[in-house]
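Engineer: Below: one structure in structure tokens.
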Amino acid sequence: MIPDPMSSAFPLDGARLRFSGDTNVGRKRNHNEDNFYLPTEERLTIVADGMGGHASGEVASQMAVDTVVEYFKATQEDAPLTWPFKVDRGSHAEVNRLVVGIKLANQKIVEHSQKDPNCRGMGTTLVAVFFMDDNVIIGHVGDSRVYRLREGKLTQLTEDHSLVNDYIKMKRMTDEEAAAFPHKNVIVRALGMKETVQVDVLEEKPKLGDCYLLCSDGLSGMVSDQQMTQILEAEPDLDKATQKLIDAANANGGIDNITVVLGRVEPI
């Protein structure tokens, strides 16, 4: 089930976090395989972009979101249950918590696709952001993205796990060639592709006024960074900004499902 548009707010070390999120089928697809989660208790937000067709992509993205959220709720009070995955003892406990939750999601999707022929080959991208009082932890797999708007500058924090990005990193393709690349939607890492998955993690310190944008490629593939920046700068209301970003993606073609989550650090 695709969640309804929603918003929420939480205290954050002398400030507050305000969230808004929504998803849209776009103009070309007949069903929505994206899912998202906004926090109800824990300061965790997620965007997942399913793939597989015949509604199995929607199954994968929902399973990913549900698994990570359930794991976070189960480990909220206790030390994280890390079995069956090796824990990086050099990382913060909450980093391990996020990585293990995502790996569990991958495991469940793989097992489900093996048992149900209708879901064979299903998978999903996932970006998850966990806000601590003095730290932001980002975990991601695939080509859904996390951006941060800080003092008027929009920065892409995640790196796409896509074929086109691999070519760019190997310097076999210029940005101009990448824009015209016919296989831009081919991703090289996702939940459900293999029995094990590598989760990229990054951490940073949040600042007052920061706005974090999580999105599926239905937004990032249709709306330029410049246009995103203009919308976020011009619209202080997060709910309206979310809708304007989705409207912009549809106005530019809306060739895929569009999901947007915004999280902003605000003064109390």
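Chain labels A, B, ... are given in the sequence in which chains occur in the structure tokens; within each chain residues are numbered consecutively from 1, and ligands are likewise numbered from 1 in the order shown.
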Just want the 9 Å neighbourhood of segment 21-23 of chain A, counted on only C-alpha atoms, with same-chain residues fewer than 3 positions away dropped. Output as a ChimeraX atom specification.

Structural biologist: /A:2-7,26,32,34-38,238-239,242-243,246,257-263

Engineer: Would you write out those residues with C-alpha atoms, as a JSON list (two decimals), in the first residue's frame?

Structural biologist:
[["chain", "number", "residue", "atom", "x", "y", "z"],
["A", 2, "ILE", "CA", 1.38, 3.40, -1.00],
["A", 3, "PRO", "CA", 1.43, 5.75, 2.00],
["A", 4, "ASP", "CA", -0.60, 8.93, 1.99],
["A", 5, "PRO", "CA", 1.14, 12.32, 1.99],
["A", 6, "MET", "CA", 2.24, 13.06, 5.50],
["A", 7, "SER", "CA", 4.39, 15.26, 7.69],
["A", 26, "GLY", "CA", 4.00, 9.85, -12.71],
["A", 32, "ASN", "CA", 3.51, 2.90, -8.37],
["A", 34, "ASP", "CA", 7.91, 3.31, -4.90],
["A", 35, "ASN", "CA", 7.44, 3.38, -1.14],
["A", 36, "PHE", "CA", 8.55, 5.73, 1.61],
["A", 37, "TYR", "CA", 8.51, 6.07, 5.37],
["A", 38, "LEU", "CA", 8.36, 9.10, 7.62],
["A", 238, "LEU", "CA", 7.81, 21.68, 3.36],
["A", 239, "ASP", "CA", 4.50, 20.13, 2.31],
["A", 242, "THR", "CA", 7.32, 18.37, -1.69],
["A", 243, "GLN", "CA", 4.33, 18.83, -4.00],
["A", 246, "ILE", "CA", 6.65, 16.25, -7.78],
["A", 257, "ASN", "CA", 7.20, 6.99, -10.31],
["A", 258, "ILE", "CA", 8.19, 10.02, -8.23],
["A", 259, "THR", "CA", 8.87, 9.94, -4.49],
["A", 260, "VAL", "CA", 10.09, 12.84, -2.39],
["A", 261, "VAL", "CA", 10.90, 13.07, 1.31],
["A", 262, "LEU", "CA", 12.16, 16.29, 2.90],
["A", 263, "GLY", "CA", 13.68, 16.60, 6.37]]

Engineer: Fewer than 4 positions away in the same chain doesn't count, so skip those; otherwise give me all residues within 7 Å of Ser216 of chain A, counting only C-alpha atoms, as a PyMOL selection string.

Structural biologist: chain A and resi 47+49+144-145+220+258-259

Engineer: Those residues with C-alpha atoms, as a PDB file, in the first residue's frame please?

Structural biologist:
ATOM      1  CA  VAL A  47      12.703   5.978   0.213  1.00  0.00           C
ATOM      2  CA  ASP A  49      12.144   2.365  -5.573  1.00  0.00           C
ATOM      3  CA  SER A 144      17.773   6.596  -5.239  1.00  0.00           C
ATOM      4  CA  ARG A 145      19.464   9.650  -3.773  1.00  0.00           C
ATOM      5  CA  SER A 220      16.375  13.176  -9.942  1.00  0.00           C
ATOM      6  CA  ILE A 258       8.190  10.019  -8.226  1.00  0.00           C
ATOM      7  CA  THR A 259       8.873   9.937  -4.494  1.00  0.00           C
TER       8      THR A 259
END

Engineer: Run DSSP on the backbone of this structure and report the residues of segment 11-236 of chain A it assigns to alpha helix (DSSP H), as JSON, numbers by chain.

Structural biologist: {"A": [56, 57, 58, 59, 60, 61, 62, 63, 64, 65, 66, 67, 68, 69, 70, 71, 72, 73, 74, 93, 94, 95, 96, 97, 98, 99, 100, 101, 102, 103, 104, 105, 106, 107, 108, 109, 110, 111, 112, 113, 114, 115, 163, 164, 165, 166, 167, 168, 169, 175, 176, 177, 178, 179, 217, 218, 219, 220, 225, 226, 227, 228, 229, 230, 231, 232, 233, 234]}

Engineer: Between A:Arg189, A:Gln114, A:Lys153, A:Val197, which residue has the minimum interatomic distance to Gln227 of chain A, considering only C-alpha atoms?

Structural biologist: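 Checking each of A:Arg189, A:Gln114, A:Lys153, A:Val197 against Gln227 of chain A, counting only C-alpha atoms, the winner is A:Lys153.
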
Engineer: With only C-alpha atoms as the atoms that count, which of A:Val188, A:Leu208, A:Ala241, A:Ile137 lies nearest to Gly14 of chain A?

Structural biologist: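 Going through A:Val188, A:Leu208, A:Ala241, A:Ile137 one by one, the smallest distance to Gly14 of chain A is for A:Leu208.
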
Engineer: Would you please give, as a PyMOL selection string, all residues of segment 65-267 of chain A that DSSP assigns to strand (DSSP E or B) based on the backbone?

Structural biologist: chain A and resi 123-124+126-131+136-141+145-150+153-156+162+187+191+200-204+211-215+258-267

Engineer: Produce a file of the selected residues containing N, CA and C atoms, as a short mmCIF file (atom, residue, chain, number, x, y, z; two decimals), in the first residue's frame.

Structural biologist:
data_model
loop_
_atom_site.label_atom_id
_atom_site.label_comp_id
_atom_site.auth_asym_id
_atom_site.auth_seq_id
_atom_site.Cartn_x
_atom_site.Cartn_y
_atom_site.Cartn_z
N GLY A 123 13.30 -6.56 -6.98
CA GLY A 123 14.32 -5.89 -6.18
C GLY A 123 13.91 -4.47 -5.89
N THR A 124 14.77 -3.76 -5.19
CA THR A 124 14.46 -2.37 -4.86
C THR A 124 15.73 -1.61 -4.49
N LEU A 126 17.20 1.52 -2.06
CA LEU A 126 16.80 2.02 -0.74
C LEU A 126 17.78 3.08 -0.28
N VAL A 127 17.24 4.20 0.17
CA VAL A 127 18.02 5.20 0.90
C VAL A 127 17.34 5.42 2.24
N ALA A 128 18.13 5.41 3.29
CA ALA A 128 17.61 5.60 4.64
C ALA A 128 18.48 6.61 5.37
N VAL A 129 17.83 7.52 6.08
CA VAL A 129 18.55 8.53 6.85
C VAL A 129 18.07 8.48 8.29
N PHE A 130 19.03 8.33 9.22
CA PHE A 130 18.73 8.30 10.64
C PHE A 130 19.35 9.54 11.28
N PHE A 131 18.51 10.34 11.91
CA PHE A 131 18.95 11.60 12.52
C PHE A 131 19.19 11.40 14.01
N VAL A 136 24.13 12.70 11.43
CA VAL A 136 23.19 12.17 10.44
C VAL A 136 23.86 10.96 9.79
N ILE A 137 23.17 9.81 9.82
CA ILE A 137 23.70 8.59 9.24
C ILE A 137 22.87 8.23 8.02
N ILE A 138 23.54 8.03 6.89
CA ILE A 138 22.86 7.72 5.64
C ILE A 138 23.33 6.36 5.15
N GLY A 139 22.39 5.46 4.88
CA GLY A 139 22.70 4.17 4.28
C GLY A 139 21.96 4.05 2.97
N HIS A 140 22.63 3.52 1.94
CA HIS A 140 21.92 3.41 0.66
C HIS A 140 22.47 2.31 -0.22
N VAL A 141 21.55 1.81 -1.07
CA VAL A 141 21.85 0.81 -2.08
C VAL A 141 21.02 1.17 -3.32
N ARG A 145 18.45 8.70 -4.24
CA ARG A 145 19.46 9.65 -3.77
C ARG A 145 19.09 10.37 -2.48
N VAL A 146 20.14 10.89 -1.83
CA VAL A 146 19.98 11.85 -0.75
C VAL A 146 20.78 13.09 -1.12
N TYR A 147 20.10 14.23 -1.07
CA TYR A 147 20.73 15.53 -1.26
C TYR A 147 20.65 16.31 0.04
N ARG A 148 21.53 17.31 0.18
CA ARG A 148 21.43 18.23 1.30
C ARG A 148 21.51 19.65 0.76
N LEU A 149 20.52 20.46 1.14
CA LEU A 149 20.55 21.89 0.84
C LEU A 149 21.07 22.62 2.06
N ARG A 150 22.23 23.29 1.91
CA ARG A 150 22.84 24.02 3.01
C ARG A 150 23.29 25.39 2.49
N LYS A 153 23.15 25.93 -1.25
CA LYS A 153 23.86 25.01 -2.12
C LYS A 153 23.32 23.59 -1.95
N LEU A 154 22.91 22.99 -3.08
CA LEU A 154 22.40 21.62 -3.06
C LEU A 154 23.54 20.66 -3.39
N THR A 155 23.77 19.68 -2.51
CA THR A 155 24.85 18.72 -2.69
C THR A 155 24.28 17.31 -2.70
N GLN A 156 24.63 16.52 -3.72
CA GLN A 156 24.25 15.11 -3.72
C GLN A 156 25.19 14.35 -2.80
N SER A 162 24.90 2.72 -10.36
CA SER A 162 24.31 2.55 -11.68
C SER A 162 25.39 2.31 -12.72
N ILE A 187 20.81 -0.38 -12.96
CA ILE A 187 21.53 -0.25 -11.71
C ILE A 187 22.36 -1.50 -11.46
N LEU A 191 18.77 -4.09 -3.51
CA LEU A 191 18.30 -5.14 -2.62
C LEU A 191 17.56 -6.17 -3.46
N ASP A 200 26.38 1.17 1.32
CA ASP A 200 27.22 2.35 1.47
C ASP A 200 26.68 3.20 2.62
N VAL A 201 27.58 3.68 3.47
CA VAL A 201 27.18 4.49 4.62
C VAL A 201 28.03 5.75 4.68
N LEU A 202 27.41 6.86 4.98
CA LEU A 202 28.15 8.08 5.26
C LEU A 202 27.52 8.79 6.43
N GLU A 203 28.33 9.59 7.12
CA GLU A 203 27.88 10.33 8.28
C GLU A 203 28.29 11.78 8.13
N GLU A 204 27.49 12.66 8.71
CA GLU A 204 27.86 14.08 8.73
C GLU A 204 27.15 14.78 9.88
N CYS A 211 18.40 21.19 4.87
CA CYS A 211 17.23 20.47 4.37
C CYS A 211 17.72 19.25 3.61
N TYR A 212 17.34 18.07 4.06
CA TYR A 212 17.72 16.82 3.42
C TYR A 212 16.60 16.35 2.49
N LEU A 213 16.97 16.00 1.28
CA LEU A 213 16.02 15.54 0.26
C LEU A 213 16.35 14.10 -0.10
N LEU A 214 15.40 13.20 0.13
CA LEU A 214 15.50 11.82 -0.31
C LEU A 214 14.56 11.66 -1.50
N CYS A 215 15.00 10.96 -2.54
CA CYS A 215 14.12 10.83 -3.70
C CYS A 215 14.45 9.59 -4.53
N ILE A 258 7.47 8.91 -8.85
CA ILE A 258 8.19 10.02 -8.23
C ILE A 258 7.94 9.98 -6.72
N THR A 259 9.01 9.90 -5.95
CA THR A 259 8.87 9.94 -4.49
C THR A 259 9.84 10.95 -3.91
N VAL A 260 9.32 11.76 -3.00
CA VAL A 260 10.09 12.84 -2.39
C VAL A 260 9.88 12.81 -0.88
N VAL A 261 10.96 12.87 -0.13
CA VAL A 261 10.90 13.07 1.31
C VAL A 261 11.84 14.23 1.66
N LEU A 262 11.35 15.17 2.43
CA LEU A 262 12.16 16.29 2.90
C LEU A 262 12.26 16.24 4.43
N GLY A 263 13.46 16.49 4.94
CA GLY A 263 13.68 16.60 6.37
C GLY A 263 14.51 17.83 6.65
N ARG A 264 13.98 18.78 7.42
CA ARG A 264 14.66 20.06 7.63
C ARG A 264 14.93 20.30 9.11
N VAL A 265 16.13 20.80 9.42
CA VAL A 265 16.51 21.15 10.78
C VAL A 265 16.11 22.61 11.00
N GLU A 266 15.16 22.83 11.90
CA GLU A 266 14.58 24.15 12.08
C GLU A 266 14.80 24.66 13.51
N PRO A 267 14.77 25.97 13.70
CA PRO A 267 14.79 26.49 15.08
C PRO A 267 13.49 26.15 15.78
#

Engineer: So which one's closest to Glu195 of chain A, A:Asn96, A:Thr40, A:Asn118, A:Asn106? Using only C-alpha atoms, please.

Structural biologist: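 Looking at the shortest contact to Glu195 of chain A, the residue is A:Asn106.
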
Engineer: Using only C-alpha atoms, pick whichever of A:Ser224, A:Thr125, A:Thr196, A:Ser20 has the shortest atom-to-atom distance to Asn252 of chain A.

Structural biologist: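 Distance minimum relative to Asn252 of chain A lands on A:Ser224.
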
Engineer: Could you tell me how far atom CA of Met122 of chain A lies from atom CA of Ile46 of chain A, in Å and to one decimal?

Structural biologist: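 Interatomic distance here is 18.7 Å.
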
Engineer: May I have the residues within 10 Å of Glu41 of chain A as JSON, numbers by chain, using only C-alpha atoms and disregarding those fewer than 3 positions away in the same chain?

Structural biologist: {"A": [10, 38, 44, 73, 76]}

Engineer: Write a file of the selected residues as a tab-separated table (two decimals), in the first residue's frame, keeping C-alpha atoms.

Structural biologist:
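Everything below was put into result.tsv:
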chain	number	residue	atom	x	y	z
A	10	PHE	CA	10.63	15.87	16.29
A	38	LEU	CA	8.36	9.10	7.62
A	44	LEU	CA	14.35	7.46	10.59
A	73	LYS	CA	11.72	-0.48	16.46
A	76	GLN	CA	15.32	0.85	19.95
